[in-house]
Amino acid sequence: MKFMPVKLMPVESALQTILLYHQQTKHHFQRYASGPDGLDWKNQPEAFRTFEGCAELELPLLVQPTSVSYKDLYHPEKNACQALTLTNIAQLLELSLGLSAWKQYDNTRWALRCNPSSGNLHPTESYIITEDLEEISEGVYHYVSRDHILEKRCQFSLKKSILPDNSFLIGLSSIPWREAWKYGERAFRYCQLDTGHAMSSICYAAATLGWQAHIVTSVSDTDVATLLGLDRDADFTAAEREYPDVMLLITTQKTDLDDKPFVLKNISLKEIVEQACKGRWSGQANVLSAHHLDDWPIISEAVQACIKPETDELSWCAPALAEPVLESVSDKPASTIIKQRRSAQGFDVSACLTKSLLTKQMLYRMLDLTLSRQTIPPCDVMPWQSRIHLLIFIHQVDGLEPGLYCFLRTDDIENKLKASLQQDYEWLKPEDCPEHLQLFRLIVGDAREAAKTLSCHQDIAGDGVISFGMIAEYQAHLTHKPWTYRQLFWEAGLIVQVFYLEAETIGLRGTGIGCYFDDGVHNLIGLNEGDYTFQSLYHFTLGKALTDCRLQTLPPYDHLQRSEQK
Ligand SMILES: Cc1cc2nc3c(=O)[nH]c(=O)nc-3n(C[C@H](O)[C@H](O)[C@H](O)COP(=O)(O)O)c2cc1C
């Protein structure tokens with residue numbers, strides 16, 4: 001299998017291609033986006049990517065919960081920066097992309113991970129790139145979450161240090177086939193949402209160590225592919241290809257905020273890429289499915305249309321907002337909350353209806369945590385102004401009338417959105433909502449049925465306490481930079497991870513919802529079909545989860561015989 005040419009398309013045709021991809025992969029009431037006619041279980045993709053023939057580096061597992069509490073993740077000044085050691089890198093990987101449990105039903109077992117994934121198919125692969133550290137030499141390493149090991153893909157040598165002191169890189173890639181096997185053409189969207197979740201998980205895990213993650217925005221996808229070894233045809237042969245997503249710089253010391261753009265601007269990844277090209281590579285990628293019954297060429301076209309060229313490093317800084325106003329009610333260790341995160345399969349309808357499971361203060365806190373602040377995870381990773389806003393179906397929140405609400409994550413979008421949405425909406429801010437939260441009631445009413453119908457008739461969207469859709473500022477952003485299509489989905493995944501974790505602290509549970517009727521949402525709020533100013537990208541629901549007693553839950557790493565070092 002050859003890596004697809006990473007030749008950049010002219011911007012105009014890339015834009016048309018990605019707009020078409022989005023249109024073609026919408027679910028409609030009368031017709032779902034194209035996907036397989038049934039599941040080809042014989043060729044279900046192998047759950048884990050490995051590279052045979054690489055040297056392996058065992059990572060230690062956490063043996064105690066983190067001393068940093070979940071609520072202090074949002075107070076980075078309280079968390080001392082931990083040293084850049086292999087043990088701490090291991091902690092970061094375990095708490096972001098590592099396994100959180102095994103589930104078993106009869107003789108079938110499947111792993112869950114700290115990061116959620118559409119259909120639990122996990123298209124996201126991760127690599128770390130380090131300069132010389134005491135316990136880990138310079139090179140490119142692939143993380144295998146099942147075994148909690150690093151596979152050494154490339155050994156290179158740098159003549160001088162290139163990364164800022166005490167930092168390293170994490171590169172993410174996607175294998176679209178994993179999602180396409182089940183979901184067909186819509187798979188490219190799910191890969192991007194999953195990347196957003198993975199990034200968010202990395203931000204939280206980094207914060208347990210006092211570390212911070214930053215997107216390197218200047219690097220081209222071609223360079224990311226080369227650095228991660230994704231373009232090495234000989235190492236993949238029949239194996240499914242991975243495509244570059246994002247390169248993150250992990251800093252382990254507090255960065256002076258004024259220096260942040262400067263630090264990132266001065267990294268010359270080109271030099272590392274050059275050394276990686278000359279480096280010693282090893283490993284052969286495993287084949288995930290023996291046969292691919294369906295091929296979805298539109299996915300390759302979308303990948304191609306979204307290839308990012310080299311650009312200037314973005315130097316946008318989040319507005320100086322006060323710290324989140326409302327404290328978390330949970331004192332639990334951060335690692336406990338991160339590892340217990342799960343998606344709900346169904347909700348206890350009567351508990352959600354009759355009890356005050358979610359108060360307006362809890363909701364305000366969640367919304368507040370999705371705002372970009374310079375050092376607060378996970379939105380601090382995004383060096384651009386937020387482009388995603390929430391359309392919230394409030395079913396049962398103590399202190400708020402049920403109905404349709406809208407939460408704007410930037411101050412300057414209200415008029416534009418007002419002009420695009422139904423003209424008879426109230427736009428009423430709840431009386432005691434904190435001033436900086438742009439939460440508006442649009443219309444009062446029972447939104448359960450609408451929420452459920454719009455989320456592909458899934459009960460979970462109507463049975464909980466709230467559910468929401470995410471409205472992206474769309475075409476204006478894509479016009480000159482079609483690759484930012486991917487960033488919109490990343491941002492959506494990033495935000496949803498906030499709700500996933502917050503839910504766990506108040507005895508509730510969430511579920512990301514990738515299956516929804518795109519234009520159905522637009523029609524509900526009055527967005528004209530054919531007007532691409534805004535588009536709906538992702539849904540989420542929150543409620544009191546029902547437990548499926550038929551499933552057994554097993555510890556994540558009992559299958560490893562690993563020395564415990566921490
Ligand atoms: C992008 C995305 C889309 C998802 N879409 C749905 C969905 O439409 N319906 C659903 O029941 N679960 C959905 N899920 C939840 C996944 O099925 C769940 O994350 C996966 O099974 C792993 O389980 P876990 O979250 O408990 O680790 C989605 C998750 C993600 C990240």
# chains A, B, ... in the order shown; residues from 1 in each chain; ligands from 1
$ select_by_dssp --residues "region 194-296 of chain A" --states "strand (DSSP E or B)" --output "list of chain:residue names"
A:Gln212, A:Ala213, A:His214, A:Ile215, A:Tyr243, A:Pro244, A:Asp245, A:Val246, A:Met247, A:Leu248, A:Leu249, A:Ile250, A:Thr251, A:Arg280, A:Trp281, A:Gln284, A:Ala285
$ closest_atom_pairs --of "chain A" --to "ligand 1" --cutoff "6 Å" --atoms "only C-alpha atoms and all ligand atoms" --output "JSON lines"
{"residue": "A:Leu112", "atom": "CA", "partner": "ligand 1", "partner_atom_place_in_ligand_line": "27 (O)", "distance": 4.7}
{"residue": "A:Arg113", "atom": "CA", "partner": "ligand 1", "partner_atom_place_in_ligand_line": "27 (O)", "distance": 5.3}
{"residue": "A:Pro116", "atom": "CA", "partner": "ligand 1", "partner_atom_place_in_ligand_line": "19 (O)", "distance": 3.9}
{"residue": "A:Ser117", "atom": "CA", "partner": "ligand 1", "partner_atom_place_in_ligand_line": "31 (C)", "distance": 3.6}
{"residue": "A:Ser118", "atom": "CA", "partner": "ligand 1", "partner_atom_place_in_ligand_line": "30 (C)", "distance": 3.6}
{"residue": "A:Gly119", "atom": "CA", "partner": "ligand 1", "partner_atom_place_in_ligand_line": "17 (O)", "distance": 4.1}
{"residue": "A:Asn120", "atom": "CA", "partner": "ligand 1", "partner_atom_place_in_ligand_line": "20 (C)", "distance": 3.8}
{"residue": "A:Tyr190", "atom": "CA", "partner": "ligand 1", "partner_atom_place_in_ligand_line": "1 (C)", "distance": 5.1}
{"residue": "A:Leu193", "atom": "CA", "partner": "ligand 1", "partner_atom_place_in_ligand_line": "1 (C)", "distance": 4.9}
{"residue": "A:Asp194", "atom": "CA", "partner": "ligand 1", "partner_atom_place_in_ligand_line": "1 (C)", "distance": 5.4}
{"residue": "A:Arg342", "atom": "CA", "partner": "ligand 1", "partner_atom_place_in_ligand_line": "26 (O)", "distance": 3.4}
{"residue": "A:Ser343", "atom": "CA", "partner": "ligand 1", "partner_atom_place_in_ligand_line": "26 (O)", "distance": 3.8}
{"residue": "A:Gln345", "atom": "CA", "partner": "ligand 1", "partner_atom_place_in_ligand_line": "11 (O)", "distance": 5.8}
{"residue": "A:Thr511", "atom": "CA", "partner": "ligand 1", "partner_atom_place_in_ligand_line": "15 (C)", "distance": 5.3}
{"residue": "A:Gly512", "atom": "CA", "partner": "ligand 1", "partner_atom_place_in_ligand_line": "28 (C)", "distance": 4.2}
{"residue": "A:Ile513", "atom": "CA", "partner": "ligand 1", "partner_atom_place_in_ligand_line": "5 (N)", "distance": 3.5}
{"residue": "A:Gly514", "atom": "CA", "partner": "ligand 1", "partner_atom_place_in_ligand_line": "5 (N)", "distance": 3.8}
{"residue": "A:Cys515", "atom": "CA", "partner": "ligand 1", "partner_atom_place_in_ligand_line": "8 (O)", "distance": 4.1}
$ write_last_selection --atoms "N, CA and C atoms" --output "PDB file, in the first residue's frame"
ATOM      1  N   LEU A 112     -10.883  -0.615  26.729  1.00  0.00           N
ATOM      2  CA  LEU A 112     -11.273   0.792  26.704  1.00  0.00           C
ATOM      3  C   LEU A 112     -10.039   1.619  27.027  1.00  0.00           C
ATOM      4  N   ARG A 113     -10.056   2.846  26.562  1.00  0.00           N
ATOM      5  CA  ARG A 113      -8.877   3.693  26.785  1.00  0.00           C
ATOM      6  C   ARG A 113      -9.311   4.990  27.468  1.00  0.00           C
ATOM      7  N   PRO A 116     -11.798   8.620  24.559  1.00  0.00           N
ATOM      8  CA  PRO A 116     -12.907   7.934  23.894  1.00  0.00           C
ATOM      9  C   PRO A 116     -12.690   7.911  22.396  1.00  0.00           C
ATOM     10  N   SER A 117     -13.432   7.062  21.712  1.00  0.00           N
ATOM     11  CA  SER A 117     -13.290   7.010  20.261  1.00  0.00           C
ATOM     12  C   SER A 117     -14.579   6.516  19.637  1.00  0.00           C
ATOM     13  N   SER A 118     -14.908   7.093  18.518  1.00  0.00           N
ATOM     14  CA  SER A 118     -16.124   6.718  17.813  1.00  0.00           C
ATOM     15  C   SER A 118     -16.133   5.208  17.549  1.00  0.00           C
ATOM     16  N   GLY A 119     -17.145   4.541  18.061  1.00  0.00           N
ATOM     17  CA  GLY A 119     -17.261   3.091  17.865  1.00  0.00           C
ATOM     18  C   GLY A 119     -16.152   2.311  18.556  1.00  0.00           C
ATOM     19  N   ASN A 120     -15.399   2.955  19.464  1.00  0.00           N
ATOM     20  CA  ASN A 120     -14.247   2.331  20.137  1.00  0.00           C
ATOM     21  C   ASN A 120     -13.254   1.767  19.113  1.00  0.00           C
ATOM     22  N   TYR A 190     -14.862  11.361  11.845  1.00  0.00           N
ATOM     23  CA  TYR A 190     -14.678  10.720  13.155  1.00  0.00           C
ATOM     24  C   TYR A 190     -13.199  10.677  13.548  1.00  0.00           C
ATOM     25  N   LEU A 193     -12.460  14.062  14.978  1.00  0.00           N
ATOM     26  CA  LEU A 193     -13.030  14.236  16.323  1.00  0.00           C
ATOM     27  C   LEU A 193     -12.194  13.465  17.339  1.00  0.00           C
ATOM     28  N   ASP A 194     -11.807  12.247  16.962  1.00  0.00           N
ATOM     29  CA  ASP A 194     -10.989  11.431  17.868  1.00  0.00           C
ATOM     30  C   ASP A 194      -9.641  12.093  18.134  1.00  0.00           C
ATOM     31  N   ARG A 342     -16.048   7.019  31.185  1.00  0.00           N
ATOM     32  CA  ARG A 342     -16.655   6.065  30.248  1.00  0.00           C
ATOM     33  C   ARG A 342     -17.757   6.780  29.487  1.00  0.00           C
ATOM     34  N   SER A 343     -18.179   6.174  28.385  1.00  0.00           N
ATOM     35  CA  SER A 343     -19.369   6.651  27.688  1.00  0.00           C
ATOM     36  C   SER A 343     -20.580   5.904  28.220  1.00  0.00           C
ATOM     37  N   GLN A 345     -24.111   4.140  27.915  1.00  0.00           N
ATOM     38  CA  GLN A 345     -24.827   3.427  26.840  1.00  0.00           C
ATOM     39  C   GLN A 345     -26.312   3.745  26.885  1.00  0.00           C
ATOM     40  N   THR A 511     -21.788  10.962  26.722  1.00  0.00           N
ATOM     41  CA  THR A 511     -21.476  10.199  25.506  1.00  0.00           C
ATOM     42  C   THR A 511     -21.359  11.155  24.326  1.00  0.00           C
ATOM     43  N   GLY A 512     -20.242  11.054  23.617  1.00  0.00           N
ATOM     44  CA  GLY A 512     -20.086  11.794  22.369  1.00  0.00           C
ATOM     45  C   GLY A 512     -21.017  11.181  21.333  1.00  0.00           C
ATOM     46  N   ILE A 513     -21.592  12.006  20.486  1.00  0.00           N
ATOM     47  CA  ILE A 513     -22.527  11.489  19.473  1.00  0.00           C
ATOM     48  C   ILE A 513     -22.110  12.006  18.095  1.00  0.00           C
ATOM     49  N   GLY A 514     -21.547  11.080  17.318  1.00  0.00           N
ATOM     50  CA  GLY A 514     -21.115  11.460  15.966  1.00  0.00           C
ATOM     51  C   GLY A 514     -22.228  11.274  14.952  1.00  0.00           C
ATOM     52  N   CYS A 515     -23.253  10.501  15.341  1.00  0.00           N
ATOM     53  CA  CYS A 515     -24.363  10.226  14.413  1.00  0.00           C
ATOM     54  C   CYS A 515     -25.489  11.208  14.666  1.00  0.00           C
TER      55      CYS A 515
END
$ atom_distance --atom1 "CA of Ala450 (chain A)" --atom2 "CA of Asp518 (chain A)"
13.1 Å
$ closest_atom_pairs --of "region 308-333 of chain A" --to "region 483-502 of chain A" --cutoff "10 Å" --atoms "only C-alpha atoms" --output "Markdown table"
| residue | atom | partner | partner_atom | distance |
| --- | --- | --- | --- | --- |
| A:Lys308 | CA | A:Trp483 | CA | 5.6 |
| A:Pro309 | CA | A:Trp483 | CA | 8.7 |
| A:Ser328 | CA | A:Glu502 | CA | 8.3 |
| A:Val329 | CA | A:Glu502 | CA | 9.8 |
| A:Ser330 | CA | A:Glu502 | CA | 9.3 |
$ closest_residue --among "A:Ser167, A:Ser34, A:Thr336, A:Gln155" --to "Leu62 (chain A)" --atoms "only C-alpha atoms"
A:Thr336
$ select_by_dssp --residues "region 338-403 of chain A" --states "helix (DSSP H, G or I)" --output "VMD selection string"
chain A and resid 338 to 340 349 to 354 360 to 369 379 to 381
